[in-house]
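Shown next: protein-v2.txt, given as compact mmCIF, C-alpha atoms.
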```
# COMPACT_ATOMS: atom_id res chain seq x y z
CA MET J 1188 119.80 79.20 72.18
CA SER J 1189 116.53 78.02 73.69
CA ARG J 1190 113.27 79.04 72.05
CA ILE J 1191 111.09 81.75 73.52
CA ASP J 1192 107.81 80.64 75.09
CA VAL J 1193 105.39 83.10 73.48
CA ASP J 1194 102.62 82.07 75.89
CA LYS J 1195 104.56 83.21 78.96
CA PRO J 1196 105.64 86.72 80.03
CA LEU J 1197 109.22 87.74 79.35
CA TYR J 1198 109.57 89.00 82.92
CA ASP J 1199 109.10 87.43 86.33
CA LEU J 1200 105.59 88.40 87.46
CA ASN J 1201 106.29 87.17 90.99
CA THR J 1202 108.32 90.32 91.68
CA PHE J 1203 107.23 93.98 91.68
CA VAL J 1204 110.02 94.97 89.31
CA GLY J 1205 109.13 92.15 86.95
CA ARG J 1206 105.46 93.14 86.87
CA PHE J 1207 106.40 96.81 86.38
CA ARG J 1208 108.61 95.97 83.40
CA HIS J 1209 105.95 93.68 81.94
CA PHE J 1210 103.11 96.21 82.06
CA ALA J 1211 105.32 99.09 80.92
CA TRP J 1212 106.44 96.89 78.03
CA MET J 1213 102.93 95.86 76.92
CA SER J 1214 101.27 99.28 77.43
CA ASP J 1215 103.86 101.27 75.48
CA PRO J 1216 101.84 104.17 73.95
CA ARG J 1217 104.03 104.16 70.85
CA THR J 1218 102.21 101.04 69.67
CA CYS J 1219 99.03 103.11 69.25
CA ILE J 1220 100.28 104.65 66.01
CA LEU J 1221 100.86 101.32 64.28
CA SER J 1222 98.44 100.19 61.60
CA ASP J 1223 96.06 97.25 62.00
CA ASP J 1224 97.95 95.42 59.25
CA ARG J 1225 101.21 95.73 61.19
CA LEU J 1226 99.52 94.42 64.34
CA ARG J 1227 98.03 91.46 62.48
CA GLN J 1228 101.46 90.68 61.06
CA ALA J 1229 102.78 90.53 64.62
CA LYS J 1230 99.97 88.16 65.62
CA THR J 1231 100.72 85.93 62.64
CA LEU J 1232 104.41 85.77 63.56
CA VAL J 1233 103.57 84.84 67.16
CA GLU J 1234 101.23 82.07 65.98
CA GLN J 1235 103.82 80.78 63.49
CA TYR J 1236 106.57 80.83 66.11
CA ARG J 1237 104.33 78.94 68.54
CA LYS J 1238 104.03 76.15 65.96
CA GLY J 1239 107.71 76.29 65.01
CA GLN J 1240 106.86 77.53 61.53
CA GLU J 1241 108.31 81.05 61.64
CA PRO J 1242 110.02 82.42 58.51
CA PRO J 1243 113.73 81.54 58.14
CA GLY J 1244 116.03 84.13 59.66
CA THR J 1245 113.53 85.29 62.29
CA THR J 1246 115.49 86.73 65.23
CA PRO J 1247 114.58 86.58 68.95
CA ASP J 1248 114.23 90.38 68.99
CA GLN J 1249 111.65 90.20 66.20
CA VAL J 1250 109.70 87.58 68.14
CA LYS J 1251 109.79 89.63 71.33
CA TYR J 1252 108.60 92.74 69.51
CA ALA J 1253 105.79 90.75 67.90
CA MET J 1254 104.81 89.50 71.37
CA LYS J 1255 104.74 93.10 72.58
CA LEU J 1256 102.44 94.21 69.77
CA TYR J 1257 100.22 91.18 70.21
CA SER J 1258 99.88 91.79 73.97
CA SER J 1259 99.18 95.48 73.50
CA ALA J 1260 96.46 95.18 70.85
CA PHE J 1261 94.73 91.79 71.03
CA HIS J 1262 92.32 90.54 73.68
CA PRO J 1263 94.02 87.87 75.84
CA ASP J 1264 90.88 85.66 75.94
CA SER J 1265 89.35 85.97 72.49
CA GLY J 1266 92.43 86.91 70.47
CA GLU J 1267 90.43 89.63 68.70
CA LEU J 1268 91.95 92.97 67.73
CA GLN J 1269 90.79 95.51 70.31
CA ASN J 1270 89.40 98.90 69.37
CA PHE J 1271 92.02 101.62 69.27
CA ALA J 1272 90.80 103.78 72.18
CA GLY J 1273 90.12 100.86 74.53
CA ARG J 1274 93.61 99.39 74.51
CA MET J 1275 95.81 99.67 77.58
CA SER J 1276 98.46 101.29 75.38
CA PHE J 1277 96.08 104.20 74.75
CA GLN J 1278 95.53 104.83 78.47
CA MET J 1279 98.42 107.28 78.74
CA PRO J 1280 97.61 109.61 75.82
CA GLY J 1281 93.84 109.31 76.23
CA GLY J 1282 93.84 109.58 80.00
CA MET J 1283 96.22 112.54 80.17
CA ILE J 1284 94.07 114.66 77.84
CA ILE J 1285 90.85 113.93 79.70
CA THR J 1286 92.44 114.35 83.14
CA GLY J 1287 94.00 117.65 82.12
CA GLY J 1288 90.54 118.84 81.07
CA MET J 1289 88.91 117.72 84.32
CA LEU J 1290 91.55 119.46 86.42
CA ALA J 1291 91.19 122.71 84.47
CA PHE J 1292 87.43 122.81 83.94
CA TYR J 1293 85.75 122.21 87.28
CA ARG J 1294 84.33 125.58 88.29
CA THR J 1295 80.90 125.57 86.60
CA LEU J 1296 78.17 122.94 86.29
CA PRO J 1297 78.38 122.69 82.46
CA GLU J 1298 82.14 122.17 82.70
CA ILE J 1299 81.74 119.43 85.31
CA PHE J 1300 78.97 117.71 83.35
CA LEU J 1301 80.87 117.71 80.05
CA CYS J 1302 84.17 116.54 81.57
CA GLN J 1303 82.55 113.72 83.54
CA PHE J 1304 80.49 112.65 80.53
CA ILE J 1305 83.62 112.39 78.38
CA ASN J 1306 85.62 110.66 81.11
CA GLN J 1307 82.97 108.05 81.85
CA SER J 1308 82.44 107.39 78.16
CA PHE J 1309 86.16 106.71 77.84
CA ASN J 1310 86.18 104.51 80.97
CA ALA J 1311 83.18 102.52 79.75
CA LEU J 1312 84.95 101.89 76.45
CA VAL J 1313 88.13 100.74 78.22
CA ASN J 1314 86.22 98.47 80.61
CA TYR J 1315 84.21 96.94 77.78
CA THR J 1316 87.28 96.41 75.61
CA ASN J 1317 89.15 94.64 78.43
CA ARG J 1318 86.23 92.63 79.81
CA ASN J 1319 86.47 88.90 80.42
CA ALA J 1320 85.49 87.37 77.08
CA ASN J 1321 84.29 84.20 78.83
CA SER J 1322 81.57 86.21 80.63
CA PRO J 1323 79.71 88.06 77.85
CA THR J 1324 77.86 91.26 78.80
CA SER J 1325 74.55 92.23 77.21
CA VAL J 1326 73.83 95.62 75.63
CA THR J 1327 71.36 96.34 78.47
CA GLN J 1328 74.00 95.66 81.11
CA LEU J 1329 76.46 97.88 79.28
CA GLY J 1330 73.91 100.67 79.16
CA VAL J 1331 73.04 100.35 82.85
CA ALA J 1332 76.73 100.39 83.81
CA TYR J 1333 77.44 103.44 81.65
CA VAL J 1334 74.45 105.46 82.89
CA SER J 1335 75.08 104.46 86.52
CA ALA J 1336 78.75 105.39 86.39
CA THR J 1337 78.09 108.73 84.71
CA SER J 1338 75.28 109.54 87.16
CA SER J 1339 77.37 108.57 90.20
CA ALA J 1340 80.29 110.67 88.94
CA LEU J 1341 78.03 113.70 88.50
CA VAL J 1342 76.41 113.22 91.91
CA ALA J 1343 79.82 112.91 93.57
CA ALA J 1344 81.24 115.90 91.68
CA LEU J 1345 78.25 118.19 92.27
CA GLY J 1346 77.83 117.04 95.85
CA CYS J 1347 81.47 117.63 96.73
CA LYS J 1348 81.50 120.97 94.94
CA SER J 1349 78.40 122.16 96.79
CA TYR J 1350 79.65 120.97 100.17
CA TRP J 1351 83.23 122.21 99.79
CA THR J 1352 82.11 125.57 98.40
CA LYS J 1353 80.24 126.27 101.63
CA ARG J 1354 82.43 124.58 104.23
CA ALA J 1355 85.99 124.23 102.95
CA PRO J 1356 88.81 126.38 101.52
CA PRO J 1357 88.68 127.00 97.72
CA ILE J 1358 91.51 124.54 97.05
CA PHE J 1359 89.21 121.65 98.00
CA GLN J 1360 87.09 122.37 94.93
CA ARG J 1361 90.05 121.32 92.82
CA TYR J 1362 89.62 117.80 94.18
CA VAL J 1363 86.10 117.50 92.75
CA PRO J 1364 87.38 115.60 89.66
CA PHE J 1365 89.27 113.08 91.79
CA ALA J 1366 86.24 112.41 94.00
CA ALA J 1367 84.08 111.89 90.93
CA VAL J 1368 86.60 109.56 89.29
CA ALA J 1369 87.03 107.46 92.44
CA VAL J 1370 83.28 107.04 92.99
CA ALA J 1371 82.59 106.30 89.32
CA ASN J 1372 85.27 103.61 89.20
CA CYS J 1373 83.67 101.91 92.19
CA VAL J 1374 80.38 101.81 90.27
CA ASN J 1375 81.38 101.42 86.63
CA ILE J 1376 83.78 98.48 86.79
CA PRO J 1377 81.67 96.13 88.97
CA LEU J 1378 78.56 96.86 86.90
CA MET J 1379 80.41 96.43 83.61
CA ARG J 1380 81.66 93.04 84.80
CA GLN J 1381 78.63 91.96 86.82
CA ASN J 1382 78.35 88.64 84.97
CA GLU J 1383 81.73 87.64 86.36
CA ILE J 1384 80.54 88.38 89.88
CA GLY J 1385 77.25 86.52 89.43
CA LYS J 1386 78.51 83.48 87.52
CA GLY J 1387 82.16 83.43 88.51
CA ILE J 1388 85.21 83.25 86.29
CA GLU J 1389 87.04 80.20 85.05
CA VAL J 1390 89.80 78.88 87.30
CA THR J 1391 92.55 76.58 86.12
CA ASP J 1392 95.09 74.25 87.65
CA GLU J 1393 98.83 74.70 87.34
CA ASN J 1394 98.72 73.14 83.86
CA GLY J 1395 96.12 75.57 82.53
CA ASN J 1396 93.23 73.09 82.59
CA VAL J 1397 89.86 74.62 83.52
CA VAL J 1398 88.62 73.04 86.75
CA GLY J 1399 85.57 75.19 87.49
CA ARG J 1400 84.30 78.73 88.10
CA SER J 1401 84.78 80.96 91.13
CA ARG J 1402 82.84 84.06 92.20
CA LEU J 1403 85.39 84.74 94.94
CA ALA J 1404 88.17 85.02 92.36
CA ALA J 1405 85.98 87.35 90.29
CA VAL J 1406 85.21 89.64 93.23
CA LYS J 1407 88.85 89.78 94.28
CA GLY J 1408 90.06 90.46 90.75
CA ILE J 1409 87.51 93.20 90.08
CA SER J 1410 88.21 94.89 93.42
CA GLN J 1411 91.90 94.98 92.53
CA VAL J 1412 91.07 96.55 89.16
CA VAL J 1413 89.08 99.28 90.95
CA MET J 1414 91.97 99.97 93.34
CA SER J 1415 94.53 100.07 90.54
CA ARG J 1416 92.42 102.47 88.43
CA ILE J 1417 92.08 104.89 91.35
CA THR J 1418 95.79 104.58 92.16
CA MET J 1419 96.70 105.28 88.52
CA CYS J 1420 95.21 108.77 88.59
CA SER J 1421 95.90 109.61 92.25
CA PRO J 1422 99.36 111.25 92.11
CA GLY J 1423 98.51 113.76 89.40
CA MET J 1424 95.00 114.54 90.59
CA LEU J 1425 96.11 114.98 94.20
CA VAL J 1426 99.37 116.90 93.69
CA LEU J 1427 98.60 119.12 90.70
CA PRO J 1428 95.75 121.02 92.44
CA VAL J 1429 98.22 122.22 95.08
CA LEU J 1430 100.73 123.35 92.45
CA MET J 1431 98.13 125.10 90.32
CA GLU J 1432 96.70 126.90 93.34
CA LYS J 1433 100.11 128.41 94.00
CA VAL J 1434 100.54 129.35 90.32
CA GLU J 1435 97.19 131.17 90.22
CA LYS J 1436 98.00 133.08 93.39
CA ALA J 1437 101.35 134.15 91.98
CA TYR J 1438 99.90 135.02 88.53
CA PRO J 1439 96.24 136.10 88.92
CA SER J 1440 95.74 136.64 85.17
CA TYR J 1441 96.55 132.98 84.52
CA LYS J 1442 93.21 131.96 86.03
CA SER J 1443 91.24 133.45 83.14
CA MET J 1444 93.22 131.56 80.46
CA LYS J 1445 91.31 128.28 80.73
CA TRP J 1446 92.55 126.59 77.57
CA LEU J 1447 96.15 127.43 78.41
CA ASP J 1448 95.49 126.09 81.90
CA ALA J 1449 94.15 122.84 80.46
CA SER J 1450 97.18 122.46 78.20
CA VAL J 1451 99.63 123.17 81.00
CA GLN J 1452 97.96 120.73 83.39
CA THR J 1453 97.86 118.05 80.72
CA CYS J 1454 101.60 118.43 80.15
CA MET J 1455 102.30 118.48 83.87
CA PHE J 1456 100.20 115.36 84.31
CA VAL J 1457 102.41 113.62 81.76
CA VAL J 1458 105.58 114.86 83.42
CA HIS J 1459 104.24 113.74 86.77
CA GLY J 1460 104.34 110.18 85.54
CA THR J 1461 101.16 109.11 83.78
CA TYR J 1462 102.93 106.33 81.89
CA CYS J 1463 104.90 105.32 84.96
CA MET J 1464 101.78 105.24 87.17
CA ARG J 1465 99.96 103.18 84.54
CA ALA J 1466 102.57 100.48 84.95
CA VAL J 1467 102.81 100.87 88.76
CA SER J 1468 99.05 100.62 89.26
CA SER J 1469 98.90 97.53 87.06
CA ASP J 1470 101.68 95.69 88.88
CA MET J 1471 100.33 96.34 92.38
CA PHE J 1472 98.79 92.88 92.29
CA PHE J 1473 99.77 89.50 90.91
CA GLU J 1474 98.38 88.68 87.46
CA ASN J 1475 97.41 85.19 88.64
CA ILE J 1476 95.96 84.39 92.05
CA TYR J 1477 96.50 80.98 93.59
CA TYR J 1478 94.00 79.26 95.90
CA GLU J 1479 94.36 76.06 97.80
CA THR J 1480 91.48 73.58 97.57
CA PHE J 1481 90.49 71.20 100.30
```
What would you get if you wrote out this structure as structure tokens?
Amino acid sequence: MSRIDVDKPLYDLNTFVGRFRHFAWMSDPRTCILSDDRLRQAKTLVEQYRKGQEPPGTTPDQVKYAMKLYSSAFHPDSGELQNFAGRMSFQMPGGMIITGGMLAFYRTLPEIFLCQFINQSFNALVNYTNRNANSPTSVTQLGVAYVSATSSALVAALGCKSYWTKRAPPIFQRYVPFAAVAVANCVNIPLMRQNEIGKGIEVTDENGNVVGRSRLAAVKGISQVVMSRITMCSPGMLVLPVLMEKVEKAYPSYKSMKWLDASVQTCMFVVHGTYCMRAVSSDMFFENIYYETF
């Protein structure tokens, strides 16, 4: 049996199905509950296997599982263990709770402010954790990105709420969270990764040798991240408002039970495919982009 190449994906990333399986595999939320020691053991096994020094009796399944844990918890550039809440594997449990809250608590200004503050704090942590390690970001840049994203989310949320309250049916107010999330993503991610846009990112040849830096590749990659983040939350945040509007009309007393509403919408958001959409949004684009040079 041929040896596994631990530096290459197990699935074909040139196909949609292959990319879906790859991102679903590496962002499995069950890996969130594993200890740091268990994750470091997986990293050690991957490094040993790469050198051909793995313990006797190591099976291919053990190597593949170690690859999964390594991909889910360690930064692909620096190899450092990522913080718990910023990992892609935490996107499903973390995102579903916050999104459920945003969909349930949108009627008053304090509710909007608190929900957007929590959401943007979470997004900033995720963006920082998954930044390009070859383009370090200063504390000042992180602060500017965080404040700008939070401010833009609040402006979008309050602006849409004010406008739709006066000129649109009540159901449109339920889309305030989605408008805020979409606008904030367009601000937060480019600002968080502004060094990549200004200085470019490293580009390699087919053998992995660095041949230079490209701002075009950075802009294209970051724009795809923005699109995928918006796509990830779109189904739940666009469909659930319609369903909940019908529920509240059928059961008027349900409207006053806000915490029950938040719990129900969180569960429905999960059922609607949070984990599935996490993988789908990630495999919309190729992991590597190829350019021809002249």
Q. Which residue, J:Lys1348, J:Lys1251, J:Lys1407, J:Arg1354, has the smallest gap to J:Trp1212 when you use only C-alpha atoms?
A.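 The answer is J:Lys1251, which sits nearest to J:Trp1212.
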Q) What does the distance from atom CA of J:Leu1378 to atom CA of J:Gln1328 come to in Å, to one decimal? A) 7.5 Å
Q: Figure out the distance between atom CA of J:Ser1335 and atom CA of J:Val1374, please, to one decimal in Å.
A: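 Separation of atom CA of J:Val1374 and atom CA of J:Ser1335: 7.0 Å.
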Just the residues within 10 Å of J:Glu1432, please, counting only C-alpha atoms, with nothing from its chain fewer than 3 positions along; format it as a PDB file with C-alpha atoms, in the coordinates of the input.
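Resulting contents of result_24.pdb:
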```pdb
ATOM      1  CA  PRO J1357      88.680 127.000  97.720  1.00  0.00           C
ATOM      2  CA  ILE J1358      91.510 124.540  97.050  1.00  0.00           C
ATOM      3  CA  ARG J1361      90.050 121.320  92.820  1.00  0.00           C
ATOM      4  CA  LEU J1427      98.600 119.120  90.700  1.00  0.00           C
ATOM      5  CA  PRO J1428      95.750 121.020  92.440  1.00  0.00           C
ATOM      6  CA  VAL J1429      98.220 122.220  95.080  1.00  0.00           C
ATOM      7  CA  GLU J1435      97.190 131.170  90.220  1.00  0.00           C
ATOM      8  CA  LYS J1436      98.000 133.080  93.390  1.00  0.00           C
ATOM      9  CA  ALA J1437     101.350 134.150  91.980  1.00  0.00           C
ATOM     10  CA  TYR J1438      99.900 135.020  88.530  1.00  0.00           C
ATOM     11  CA  LYS J1442      93.210 131.960  86.030  1.00  0.00           C
TER      12      LYS J1442
END
```
Q: Give the answer as one residue: which of J:Phe1292, J:Phe1210, J:Tyr1257, J:Tyr1362 has the shortest atom-to-atom distance to J:Leu1447, using only C-alpha atoms?
A: J:Phe1292
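The residue that comes closest to J:Thr1218, out of J:Ala1272, J:Val1233, J:Val1250, J:Ile1285 and on the basis of all atoms listed in the file, is J:Ala1272.
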Please identify all polymer residues lying at most 7 Å from the point (108.3, 94.0, 81.5) (file coordinates), using only C-alpha atoms, and present the result as a JSON list (two decimals) with C-alpha atoms, in the coordinates of the input.
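In the end it all went to selection-v4.json:
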```
[["chain", "number", "residue", "atom", "x", "y", "z"],
["J", 1197, "LEU", "CA", 109.22, 87.74, 79.35],
["J", 1198, "TYR", "CA", 109.57, 89.00, 82.92],
["J", 1205, "GLY", "CA", 109.13, 92.15, 86.95],
["J", 1206, "ARG", "CA", 105.46, 93.14, 86.87],
["J", 1207, "PHE", "CA", 106.40, 96.81, 86.38],
["J", 1208, "ARG", "CA", 108.61, 95.97, 83.40],
["J", 1209, "HIS", "CA", 105.95, 93.68, 81.94],
["J", 1210, "PHE", "CA", 103.11, 96.21, 82.06],
["J", 1211, "ALA", "CA", 105.32, 99.09, 80.92],
["J", 1212, "TRP", "CA", 106.44, 96.89, 78.03]]
```
Q.
Restricting the calculation to only C-alpha atoms: of J:Ala1340, J:Cys1420, J:Met1275, J:Leu1200, which residue gets closest to J:Asn1314?
A.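 Among the listed residues, the smallest separation from J:Asn1314 belongs to J:Met1275.
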Box centre and edge lengths (Å, one decimal), axis-aligned, stretch 1249-1262 of chain J plus 3 Å each side, as lines of an AutoDock Vina configuration file:
```
center_x = 102.0
center_y = 91.5
center_z = 70.1
size_x = 25.3
size_y = 13.9
size_z = 13.8
```
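Of the residues under consideration (J:Pro1356, J:Pro1280, J:Gly1273, J:Pro1263), J:Pro1280 shows the shortest atom-to-atom contact distance to J:Arg1217 when counting all atoms listed in the file.
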Q: Provide the atom CA of J:Gln1307 to atom CA of J:Ala1344 distance in Å, to one decimal place.
A: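 Separating atom CA of J:Gln1307 from atom CA of J:Ala1344 is a distance of 12.7 Å.
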**Q.** Counting all atoms listed in the file, the option among J:Thr1286, J:Asn1306, J:Asn1382, J:Thr1245 closest to J:Leu1329
**A.**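 Of all the options, J:Asn1382 lies closest to J:Leu1329.
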